[in-house]
Every structure is written in C-alpha cells, then in structure tokens.
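Notes follow once the structure below has been shown.
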Amino acid sequence: MNAYFKTGIPGIVDIMPSIAQFLNISIPREQLMEVDGVPLTGKLYATTANMSLLDNKLRVTWKAVEKKGKAKIWLSTTNHFKEGGKDEYTLYTTVPLAKQEAMIDVSKLPSSFYKVVIETPGNMLNRWVAERK
C-alpha cells in the first residue's frame, strides 16, 4: 500500500484503479483520462485534485506526492464520453508538480462545463466543474 492509502482519504473510486494496477491491466489513454480515483498501491505523483471557476479563471490544485517532474493540464468542454463518445482534450499548460497549482484563463473558451485532467509522470487525476442551473 502506498502513502495515499496510509495517510490520505481514499474513496470507493480508488478501488478500480488499484485492482487494474495490481493486475497489471493497461488502460488505454482515452479511458484513463476518464478514470476517477487513484491506485492505493504503487508509486503516485499526485493526489487530491480540486478545481474552482471564478472570473473566467480555472484554478486547478493537487497535492504533490513527488516533488520532481511536471504536471500537464488538459482541458475539455465536452462530456461525450458519458454517451460512448470521445472528448477532445487540449493541453493548456505544463507546470512543476511541486507548484501544486495551475491557473487557466477560460475567457476565450466560454462554456458551462469544464473537464480537467492533471497528467503526471505516474498517474492522472481529473475533475469537473459545471455551472449550476
């Protein structure tokens, strides 16, 4: 078990990625970007992703487990995946993992829905934010 299992707040969404990692099941990238949760075994680079939208800026945060390496921040404004489709992600920025934060100006990308994936050297995290109606 990794440090997230021992000192974090694991959730039910962490079970599937844990089983997949334990069984050495390779998940295709397209599906991996949609997986909620992180493995409870093996090395992790980041956990605990959060996102907020304020004044046309998305603030993306995470807890860096590894301080070395980069975090790539991908963004999509669709959720076609829920209907069996494919979401197109755009790489918006790359920041040091240790920074534990990225800001994305979405003023030129108006949407009522944003899906963000934080890609680290060893795992991915995702979060959504949607306007309340």
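Here's how to read the names in the structure tokens: chain A, B, ... by the order shown, residue numbers from 1 in each chain, ligand numbers from 1 in the order shown.
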Quiz item: Hey, what does DSSP flag as helix (DSSP H, G or I) within range 1-106 of chain A? Can you give it to me as a PyMOL selection string?
Solution: chain A and resi 3-7+12-22+29-32+80-83+97-99
Filtering to N, CA, C and O atoms, could you give me those residues as a short mmCIF file (atom, residue, chain, number, x, y, z; two decimals), in the first residue's frame?
```cif
data_model
loop_
_atom_site.label_atom_id
_atom_site.label_comp_id
_atom_site.auth_asym_id
_atom_site.auth_seq_id
_atom_site.Cartn_x
_atom_site.Cartn_y
_atom_site.Cartn_z
N ALA A 3 1.49 5.65 0.29
CA ALA A 3 1.27 6.66 1.32
C ALA A 3 -0.16 7.21 1.28
O ALA A 3 -0.72 7.56 2.32
N TYR A 4 -0.75 7.28 0.09
CA TYR A 4 -2.13 7.77 -0.02
C TYR A 4 -3.08 6.85 0.75
O TYR A 4 -3.97 7.32 1.44
N PHE A 5 -2.85 5.55 0.65
CA PHE A 5 -3.66 4.59 1.41
C PHE A 5 -3.49 4.79 2.91
O PHE A 5 -4.44 4.74 3.68
N LYS A 6 -2.25 5.06 3.31
CA LYS A 6 -1.94 5.16 4.74
C LYS A 6 -2.29 6.51 5.36
O LYS A 6 -2.70 6.57 6.52
N THR A 7 -2.15 7.60 4.61
CA THR A 7 -2.33 8.92 5.22
C THR A 7 -3.36 9.80 4.52
O THR A 7 -3.69 10.87 5.01
N ILE A 12 -14.14 5.13 -2.59
CA ILE A 12 -14.56 3.95 -3.35
C ILE A 12 -14.06 4.01 -4.79
O ILE A 12 -13.81 2.98 -5.41
N VAL A 13 -13.89 5.22 -5.34
CA VAL A 13 -13.41 5.37 -6.72
C VAL A 13 -11.97 4.90 -6.88
O VAL A 13 -11.50 4.71 -8.00
N ASP A 14 -11.26 4.71 -5.78
CA ASP A 14 -9.87 4.27 -5.84
C ASP A 14 -9.73 2.75 -5.99
O ASP A 14 -8.63 2.26 -6.25
N ILE A 15 -10.82 2.02 -5.84
CA ILE A 15 -10.76 0.56 -5.90
C ILE A 15 -10.43 0.07 -7.31
O ILE A 15 -9.52 -0.75 -7.50
N MET A 16 -11.14 0.54 -8.32
CA MET A 16 -10.90 0.06 -9.69
C MET A 16 -9.47 0.34 -10.15
O MET A 16 -8.80 -0.57 -10.65
N PRO A 17 -8.94 1.57 -10.02
CA PRO A 17 -7.56 1.76 -10.46
C PRO A 17 -6.55 0.93 -9.66
O PRO A 17 -5.52 0.53 -10.18
N SER A 18 -6.88 0.64 -8.40
CA SER A 18 -6.00 -0.20 -7.57
C SER A 18 -5.97 -1.63 -8.10
O SER A 18 -4.90 -2.23 -8.22
N ILE A 19 -7.14 -2.16 -8.43
CA ILE A 19 -7.21 -3.52 -8.97
C ILE A 19 -6.51 -3.58 -10.32
O ILE A 19 -5.74 -4.52 -10.59
N ALA A 20 -6.77 -2.59 -11.18
CA ALA A 20 -6.13 -2.57 -12.50
C ALA A 20 -4.61 -2.54 -12.38
O ALA A 20 -3.90 -3.26 -13.08
N GLN A 21 -4.10 -1.73 -11.47
CA GLN A 21 -2.65 -1.65 -11.29
C GLN A 21 -2.10 -2.96 -10.73
O GLN A 21 -1.09 -3.46 -11.20
N PHE A 22 -2.77 -3.51 -9.74
CA PHE A 22 -2.31 -4.76 -9.13
C PHE A 22 -2.26 -5.90 -10.15
O PHE A 22 -1.34 -6.71 -10.14
N ARG A 29 -5.23 5.24 -22.95
CA ARG A 29 -5.15 6.64 -22.53
C ARG A 29 -6.51 7.34 -22.55
O ARG A 29 -6.85 8.07 -21.64
N GLU A 30 -7.29 7.13 -23.61
CA GLU A 30 -8.59 7.78 -23.72
C GLU A 30 -9.49 7.46 -22.52
O GLU A 30 -10.17 8.32 -21.98
N GLN A 31 -9.49 6.20 -22.09
CA GLN A 31 -10.28 5.80 -20.92
C GLN A 31 -9.60 6.23 -19.62
O GLN A 31 -10.28 6.59 -18.66
N LEU A 32 -8.29 6.20 -19.60
CA LEU A 32 -7.54 6.58 -18.40
C LEU A 32 -7.82 8.04 -18.01
O LEU A 32 -7.89 8.37 -16.83
N HIS A 80 -18.80 13.96 -23.98
CA HIS A 80 -19.33 12.96 -24.91
C HIS A 80 -19.04 11.55 -24.42
O HIS A 80 -19.72 10.60 -24.82
N PHE A 81 -18.03 11.39 -23.59
CA PHE A 81 -17.64 10.07 -23.09
C PHE A 81 -18.80 9.37 -22.39
O PHE A 81 -18.95 8.17 -22.50
N LYS A 82 -19.64 10.13 -21.69
CA LYS A 82 -20.75 9.52 -20.94
C LYS A 82 -21.74 8.82 -21.85
O LYS A 82 -22.49 7.96 -21.41
N GLU A 83 -21.74 9.18 -23.15
CA GLU A 83 -22.64 8.56 -24.12
C GLU A 83 -21.89 7.65 -25.08
O GLU A 83 -22.39 7.31 -26.15
N LEU A 97 5.35 19.88 -10.77
CA LEU A 97 4.48 19.19 -9.81
C LEU A 97 4.48 19.88 -8.46
O LEU A 97 3.44 20.02 -7.82
N ALA A 98 5.64 20.31 -8.02
CA ALA A 98 5.78 20.91 -6.70
C ALA A 98 4.98 22.20 -6.55
O ALA A 98 4.65 22.60 -5.44
N LYS A 99 4.62 22.84 -7.65
CA LYS A 99 3.84 24.08 -7.59
C LYS A 99 2.43 23.81 -7.05
O LYS A 99 1.83 24.67 -6.40
#
```
Shell around range 53-65 of chain A at 8 Å using only C-alpha atoms, local window under 5 positions removed, as a CSV table (one decimal) with N, CA and C atoms, in the first residue's frame:
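Below you can see out_24.csv, which holds the result:
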```csv
chain,number,residue,atom,x,y,z
A,44,LEU,N,2.8,7.0,-6.6
A,44,LEU,CA,1.9,8.1,-7.1
A,44,LEU,C,2.7,9.4,-7.1
A,45,TYR,N,2.3,10.2,-8.0
A,45,TYR,CA,3.0,11.5,-8.2
A,45,TYR,C,2.1,12.6,-7.6
A,46,ALA,N,0.8,12.5,-7.6
A,46,ALA,CA,-0.1,13.5,-7.2
A,46,ALA,C,-1.5,12.9,-6.8
A,47,THR,N,-2.1,13.5,-5.8
A,47,THR,CA,-3.5,13.1,-5.4
A,47,THR,C,-4.3,14.3,-5.1
A,48,THR,N,-5.5,14.1,-4.7
A,48,THR,CA,-6.4,15.2,-4.2
A,48,THR,C,-6.5,16.4,-5.1
A,97,LEU,N,5.4,19.9,-10.8
A,97,LEU,CA,4.5,19.2,-9.8
A,97,LEU,C,4.5,19.9,-8.5
A,98,ALA,N,5.6,20.3,-8.0
A,98,ALA,CA,5.8,20.9,-6.7
A,98,ALA,C,5.0,22.2,-6.6
A,100,GLN,N,1.9,22.6,-7.3
A,100,GLN,CA,0.6,22.2,-6.8
A,100,GLN,C,-0.6,23.1,-7.2
A,101,GLU,N,-0.4,23.8,-8.3
A,101,GLU,CA,-1.5,24.7,-8.7
A,101,GLU,C,-1.2,25.2,-10.2
A,102,ALA,N,-2.3,25.4,-10.9
A,102,ALA,CA,-2.2,26.0,-12.2
A,102,ALA,C,-3.5,26.8,-12.4
A,103,MET,N,-3.3,27.9,-13.1
A,103,MET,CA,-4.4,28.8,-13.4
A,103,MET,C,-4.6,28.8,-14.9
A,104,ILE,N,-5.9,28.7,-15.3
A,104,ILE,CA,-6.2,28.7,-16.8
A,104,ILE,C,-7.2,29.7,-17.0
A,105,ASP,N,-6.9,30.6,-17.9
A,105,ASP,CA,-7.8,31.7,-18.4
A,105,ASP,C,-8.8,31.1,-19.4
A,106,VAL,N,-10.0,31.0,-19.1
A,106,VAL,CA,-11.0,30.4,-20.0
A,106,VAL,C,-11.9,31.5,-20.6
A,107,SER,N,-11.5,32.8,-20.5
A,107,SER,CA,-12.4,33.9,-21.0
A,107,SER,C,-12.6,33.7,-22.5
A,129,VAL,N,-16.0,20.9,-13.4
A,129,VAL,CA,-16.8,22.0,-12.8
A,129,VAL,C,-17.9,22.4,-13.9
```
Practice problem: Please provide as a PyMOL selection string all residues within 12 Å of Ser76 in chain A, with the sequence filter that same-chain residues fewer than 3 positions apart are discarded (counting only C-alpha atoms). | Solution: chain A and resi 33-34+73+79-81+86-92+106+109-118+126-130
Quiz item: From the set A:Val38, A:Ala71, A:Leu23, A:Val95, which residue has the shortest atom-to-atom contact distance to Pro121 in chain A, counting only C-alpha atoms?
Solution: A:Ala71
Self-check item: Test item, strand (DSSP E or B) assignment across chain A, answer as number ranges by chain
Solution: A: 46-54, 57-64, 70-76, 90-96, 101-105, 113-119, 124-130
